[in-house]
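What's in work22.pdb: PDB, C-alpha atoms
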ATOM      1  CA  MET A   1     146.268 -15.912 -31.808  1.00  0.00           C
ATOM      2  CA  PRO A   2     148.340 -16.711 -28.720  1.00  0.00           C
ATOM      3  CA  VAL A   3     151.435 -18.894 -28.879  1.00  0.00           C
ATOM      4  CA  ASP A   4     150.704 -22.515 -27.966  1.00  0.00           C
ATOM      5  CA  TYR A   5     153.736 -23.179 -25.770  1.00  0.00           C
ATOM      6  CA  VAL A   6     152.832 -26.846 -25.266  1.00  0.00           C
ATOM      7  CA  LYS A   7     152.932 -27.524 -29.000  1.00  0.00           C
ATOM      8  CA  LEU A   8     155.967 -25.278 -29.469  1.00  0.00           C
ATOM      9  CA  GLY A   9     157.817 -27.299 -26.837  1.00  0.00           C
ATOM     10  CA  ALA A  10     156.762 -30.580 -28.417  1.00  0.00           C
ATOM     11  CA  ARG A  11     157.997 -29.411 -31.817  1.00  0.00           C
ATOM     12  CA  VAL A  12     161.340 -28.254 -30.392  1.00  0.00           C
ATOM     13  CA  LYS A  13     161.774 -31.660 -28.746  1.00  0.00           C
ATOM     14  CA  ALA A  14     160.775 -33.515 -31.926  1.00  0.00           C
ATOM     15  CA  ARG A  15     163.218 -31.489 -34.050  1.00  0.00           C
ATOM     16  CA  ARG A  16     165.958 -31.920 -31.432  1.00  0.00           C
ATOM     17  CA  ASP A  17     165.369 -35.681 -31.359  1.00  0.00           C
ATOM     18  CA  LYS A  18     165.407 -35.795 -35.169  1.00  0.00           C
ATOM     19  CA  ALA A  19     168.754 -33.983 -35.100  1.00  0.00           C
ATOM     20  CA  ARG A  20     169.980 -36.525 -32.517  1.00  0.00           C
ATOM     21  CA  MET A  21     170.908 -33.686 -30.243  1.00  0.00           C
ATOM     22  CA  SER A  22     170.746 -33.731 -26.458  1.00  0.00           C
ATOM     23  CA  GLN A  23     169.139 -30.955 -24.462  1.00  0.00           C
ATOM     24  CA  ALA A  24     172.615 -30.018 -23.237  1.00  0.00           C
ATOM     25  CA  GLU A  25     173.924 -29.721 -26.812  1.00  0.00           C
ATOM     26  CA  LEU A  26     170.989 -27.550 -27.882  1.00  0.00           C
ATOM     27  CA  ALA A  27     171.327 -25.456 -24.736  1.00  0.00           C
ATOM     28  CA  SER A  28     175.021 -24.866 -25.351  1.00  0.00           C
ATOM     29  CA  ALA A  29     174.467 -23.917 -29.005  1.00  0.00           C
ATOM     30  CA  ALA A  30     171.617 -21.549 -28.075  1.00  0.00           C
ATOM     31  CA  ASP A  31     173.471 -20.057 -25.102  1.00  0.00           C
ATOM     32  CA  LEU A  32     170.807 -21.317 -22.691  1.00  0.00           C
ATOM     33  CA  SER A  33     170.845 -23.649 -19.718  1.00  0.00           C
ATOM     34  CA  THR A  34     169.825 -27.285 -20.106  1.00  0.00           C
ATOM     35  CA  GLN A  35     167.067 -26.604 -17.569  1.00  0.00           C
ATOM     36  CA  HIS A  36     165.742 -23.775 -19.764  1.00  0.00           C
ATOM     37  CA  ILE A  37     165.577 -26.091 -22.797  1.00  0.00           C
ATOM     38  CA  SER A  38     163.750 -28.643 -20.651  1.00  0.00           C
ATOM     39  CA  ASN A  39     161.343 -25.935 -19.514  1.00  0.00           C
ATOM     40  CA  ILE A  40     160.716 -24.865 -23.116  1.00  0.00           C
ATOM     41  CA  GLU A  41     160.045 -28.442 -24.193  1.00  0.00           C
ATOM     42  CA  ASN A  42     157.679 -28.971 -21.267  1.00  0.00           C
ATOM     43  CA  ALA A  43     155.934 -25.592 -21.687  1.00  0.00           C
ATOM     44  CA  LYS A  44     157.013 -24.450 -18.222  1.00  0.00           C
ATOM     45  CA  THR A  45     158.469 -21.205 -19.545  1.00  0.00           C
ATOM     46  CA  LYS A  46     157.958 -18.749 -22.350  1.00  0.00           C
ATOM     47  CA  VAL A  47     160.774 -18.215 -24.788  1.00  0.00           C
ATOM     48  CA  SER A  48     161.771 -14.974 -26.512  1.00  0.00           C
ATOM     49  CA  LEU A  49     161.453 -14.539 -30.254  1.00  0.00           C
ATOM     50  CA  GLU A  50     165.233 -14.138 -30.452  1.00  0.00           C
ATOM     51  CA  LYS A  51     165.756 -17.549 -28.825  1.00  0.00           C
ATOM     52  CA  ILE A  52     163.071 -19.176 -30.993  1.00  0.00           C
ATOM     53  CA  VAL A  53     165.009 -17.933 -34.029  1.00  0.00           C
ATOM     54  CA  ASP A  54     168.276 -19.237 -32.555  1.00  0.00           C
ATOM     55  CA  ILE A  55     166.715 -22.638 -31.812  1.00  0.00           C
ATOM     56  CA  ALA A  56     165.180 -22.863 -35.297  1.00  0.00           C
ATOM     57  CA  ASN A  57     168.550 -22.093 -36.893  1.00  0.00           C
ATOM     58  CA  ILE A  58     170.344 -24.639 -34.712  1.00  0.00           C
ATOM     59  CA  LEU A  59     167.726 -27.295 -35.478  1.00  0.00           C
ATOM     60  CA  ASP A  60     167.816 -26.444 -39.200  1.00  0.00           C
ATOM     61  CA  CYS A  61     164.129 -25.606 -39.465  1.00  0.00           C
ATOM     62  CA  SER A  62     162.021 -22.499 -39.918  1.00  0.00           C
ATOM     63  CA  VAL A  63     160.430 -20.552 -37.109  1.00  0.00           C
ATOM     64  CA  ASP A  64     157.116 -21.318 -38.863  1.00  0.00           C
ATOM     65  CA  GLU A  65     157.709 -25.017 -38.315  1.00  0.00           C
ATOM     66  CA  LEU A  66     158.083 -24.459 -34.586  1.00  0.00           C
ATOM     67  CA  LEU A  67     155.175 -22.032 -34.300  1.00  0.00           C
ATOM     68  CA  CYS A  68     152.764 -23.444 -36.910  1.00  0.00           C
ATOM     69  CA  ASP A  69     150.175 -24.364 -34.263  1.00  0.00           C
ATOM     70  CA  SER A  70     149.986 -20.670 -33.391  1.00  0.00           C
ATOM     71  CA  VAL A  71     149.954 -19.379 -36.990  1.00  0.00           C
ATOM     72  CA  ILE A  72     146.594 -19.210 -38.745  1.00  0.00           C
ATOM     73  CA  LYS A  73     147.943 -19.638 -42.302  1.00  0.00           C
ATOM     74  CA  ALA A  74     150.290 -22.598 -41.838  1.00  0.00           C
ATOM     75  CA  LYS A  75     148.921 -25.031 -44.435  1.00  0.00           C
ATOM     76  CA  VAL A  76     152.250 -25.505 -46.215  1.00  0.00           C
ATOM     77  CA  ILE A  77     153.915 -26.482 -42.931  1.00  0.00           C
ATOM     78  CA  TYR A  78     151.305 -29.165 -42.309  1.00  0.00           C
ATOM     79  CA  ILE A  79     151.565 -30.427 -45.885  1.00  0.00           C
ATOM     80  CA  ASN A  80     155.310 -30.868 -45.404  1.00  0.00           C
ATOM     81  CA  GLU A  81     154.774 -32.581 -42.043  1.00  0.00           C
ATOM     82  CA  VAL A  82     152.260 -35.025 -43.550  1.00  0.00           C
ATOM     83  CA  ALA A  83     154.613 -35.699 -46.471  1.00  0.00           C
ATOM     84  CA  GLY A  84     157.371 -36.513 -43.998  1.00  0.00           C
ATOM     85  CA  LEU A  85     155.101 -38.905 -42.116  1.00  0.00           C
ATOM     86  CA  MET A  86     154.047 -40.618 -45.339  1.00  0.00           C
ATOM     87  CA  GLU A  87     157.648 -41.469 -46.213  1.00  0.00           C
ATOM     88  CA  SER A  88     157.562 -44.274 -43.665  1.00  0.00           C
ATOM     89  CA  PHE A  89     154.154 -45.641 -44.741  1.00  0.00           C
ATOM     90  CA  SER A  90     153.934 -49.135 -46.174  1.00  0.00           C
ATOM     91  CA  ASP A  91     152.246 -49.745 -49.529  1.00  0.00           C
ATOM     92  CA  ALA A  92     149.102 -50.916 -47.716  1.00  0.00           C
ATOM     93  CA  GLU A  93     149.019 -47.772 -45.585  1.00  0.00           C
ATOM     94  CA  MET A  94     149.451 -45.605 -48.679  1.00  0.00           C
ATOM     95  CA  ARG A  95     146.560 -47.397 -50.412  1.00  0.00           C
ATOM     96  CA  ALA A  96     144.312 -46.764 -47.386  1.00  0.00           C
ATOM     97  CA  LEU A  97     145.306 -43.120 -46.951  1.00  0.00           C
ATOM     98  CA  PRO A  98     143.067 -41.503 -49.616  1.00  0.00           C
ATOM     99  CA  GLU A  99     139.960 -43.187 -48.216  1.00  0.00           C
ATOM    100  CA  PHE A 100     140.957 -42.226 -44.683  1.00  0.00           C
ATOM    101  CA  LEU A 101     141.411 -38.593 -45.747  1.00  0.00           C
ATOM    102  CA  ARG A 102     138.033 -38.539 -47.519  1.00  0.00           C
ATOM    103  CA  SER A 103     136.393 -39.922 -44.370  1.00  0.00           C
ATOM    104  CA  TYR A 104     138.256 -37.467 -42.190  1.00  0.00           C
ATOM    105  CA  ARG A 105     137.128 -34.564 -44.364  1.00  0.00           C
ATOM    106  CA  HIS A 106     133.507 -35.738 -44.242  1.00  0.00           C
ATOM    107  CA  PHE A 107     133.484 -36.112 -40.444  1.00  0.00           C
ATOM    108  CA  SER A 108     135.367 -32.849 -39.989  1.00  0.00           C
ATOM    109  CA  LYS A 109     132.652 -30.992 -41.910  1.00  0.00           C
ATOM    110  CA  LEU A 110     129.926 -32.693 -39.871  1.00  0.00           C
ATOM    111  CA  LEU A 111     131.673 -31.756 -36.645  1.00  0.00           C
ATOM    112  CA  GLU A 112     132.110 -28.159 -37.810  1.00  0.00           C
ATOM    113  CA  LYS A 113     128.373 -27.902 -38.623  1.00  0.00           C
ATOM    114  CA  SER A 114     127.504 -29.388 -35.235  1.00  0.00           C
ATOM    115  CA  ILE A 115     129.716 -26.869 -33.430  1.00  0.00           C
ATOM    116  CA  GLN A 116     128.181 -23.996 -35.408  1.00  0.00           C
ATOM    117  CA  ARG A 117     124.655 -25.159 -34.437  1.00  0.00           C
ATOM    118  CA  ASP A 118     125.698 -25.394 -30.762  1.00  0.00           C
ATOM    119  CA  ASP A 119     127.053 -21.822 -30.885  1.00  0.00           C
ATOM    120  CA  VAL A 120     123.686 -20.425 -32.022  1.00  0.00           C
TER
END

Translate the structure described by the file into structure tokens.
Amino acid sequence: MPVDYVKLGARVKARRDKARMSQAELASAADLSTQHISNIENAKTKVSLEKIVDIANILDCSVDELLCDSVIKAKVIYINEVAGLMESFSDAEMRALPEFLRSYRHFSKLLEKSIQRDDV
């Protein structure tokens, strides 16, 4: 599976923002230019595995977290991401979540069946 550089860039930016770090600060720590960090975040350049590891270490996350959109078996990463999102949910949102997830699962299965029929 190819690396999704758009999603990788978005995840780098999200982690950098969460760390309250500027592009210049991340660039300096990773021994890159600010323009290169901008290009990574905007998917205008590819980044080496070595630099992905450096960036993950600087942003205190795993490489899996940055690349999970390109990794087939990344369920645990998504579970952690959803758990993090749920921390800010209100009580009403939490009460609605199980029903939303059941509906999502139902429609996801219908969509999958529809796609499989279209492929035949």

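Closest approach to A:Ala14 among A:Leu85, A:Ala92, A:Ile77, A:Leu66 is made by A:Leu66 (distances from all atoms listed in the file).
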
Given the file shown, enumerate the residues that the PyMOL selection byres ((chain A and resi 47) around 12) captures and present them as an mmCIF file with C-alpha atoms, keeping the file's coordinate frame.
data_model
loop_
_atom_site.group_PDB
_atom_site.id
_atom_site.type_symbol
_atom_site.label_atom_id
_atom_site.label_comp_id
_atom_site.auth_asym_id
_atom_site.auth_seq_id
_atom_site.Cartn_x
_atom_site.Cartn_y
_atom_site.Cartn_z
ATOM 1 C CA VAL A 3 151.435 -18.894 -28.879
ATOM 2 C CA ASP A 4 150.704 -22.515 -27.966
ATOM 3 C CA TYR A 5 153.736 -23.179 -25.770
ATOM 4 C CA VAL A 6 152.832 -26.846 -25.266
ATOM 5 C CA LEU A 8 155.967 -25.278 -29.469
ATOM 6 C CA GLY A 9 157.817 -27.299 -26.837
ATOM 7 C CA VAL A 12 161.340 -28.254 -30.392
ATOM 8 C CA ALA A 30 171.617 -21.549 -28.075
ATOM 9 C CA LEU A 32 170.807 -21.317 -22.691
ATOM 10 C CA HIS A 36 165.742 -23.775 -19.764
ATOM 11 C CA ILE A 37 165.577 -26.091 -22.797
ATOM 12 C CA SER A 38 163.750 -28.643 -20.651
ATOM 13 C CA ASN A 39 161.343 -25.935 -19.514
ATOM 14 C CA ILE A 40 160.716 -24.865 -23.116
ATOM 15 C CA GLU A 41 160.045 -28.442 -24.193
ATOM 16 C CA ASN A 42 157.679 -28.971 -21.267
ATOM 17 C CA ALA A 43 155.934 -25.592 -21.687
ATOM 18 C CA LYS A 44 157.013 -24.450 -18.222
ATOM 19 C CA THR A 45 158.469 -21.205 -19.545
ATOM 20 C CA LYS A 46 157.958 -18.749 -22.350
ATOM 21 C CA SER A 48 161.771 -14.974 -26.512
ATOM 22 C CA LEU A 49 161.453 -14.539 -30.254
ATOM 23 C CA GLU A 50 165.233 -14.138 -30.452
ATOM 24 C CA LYS A 51 165.756 -17.549 -28.825
ATOM 25 C CA ILE A 52 163.071 -19.176 -30.993
ATOM 26 C CA VAL A 53 165.009 -17.933 -34.029
ATOM 27 C CA ASP A 54 168.276 -19.237 -32.555
ATOM 28 C CA ILE A 55 166.715 -22.638 -31.812
ATOM 29 C CA LEU A 66 158.083 -24.459 -34.586
ATOM 30 C CA LEU A 67 155.175 -22.032 -34.300
#

Quick one: of A:Pro2, A:Pro98, A:Lys75, A:Leu59, who's nearest to A:Arg20, counting only C-alpha atoms? A:Leu59

Give the answer as one residue: which of A:Leu111, A:Arg15, A:Met21, A:Ile79 has the shortest atom-to-atom distance to A:Val63, using only C-alpha atoms?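 Checking each of A:Leu111, A:Arg15, A:Met21, A:Ile79 against A:Val63, counting only C-alpha atoms, the winner is A:Arg15.
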
Atom CA of A:Glu93 to atom CA of A:Asp17, distance in Å rounded to a single decimal: 24.8 Å

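We find atom CA of A:Arg102 and atom CA of A:Gln116 to be spaced 21.3 Å apart.
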
Work out how far atom CA of A:Phe89 is from atom CA of A:Arg11, in Å to one decimal.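 Computing the Euclidean distance for atom CA of A:Arg11 and atom CA of A:Phe89 yields 21.1 Å.
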
For A:Asp60, which of A:Ala83, A:Tyr78, A:Lys18, A:Asp31 is the closest residue, counting all atoms listed in the file? A:Lys18

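The residue that comes closest to A:Gln23, out of A:Gln35, A:Ser62, A:Asn57, A:Ser108 and on the basis of all atoms listed in the file, is A:Gln35.
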
Nearest to A:Ala10 by atom-to-atom distance, counting only C-alpha atoms, from A:Met94, A:Tyr104, A:Glu65, A:Ala29: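 Using only C-alpha atoms, the shortest distance to A:Ala10 belongs to A:Glu65.
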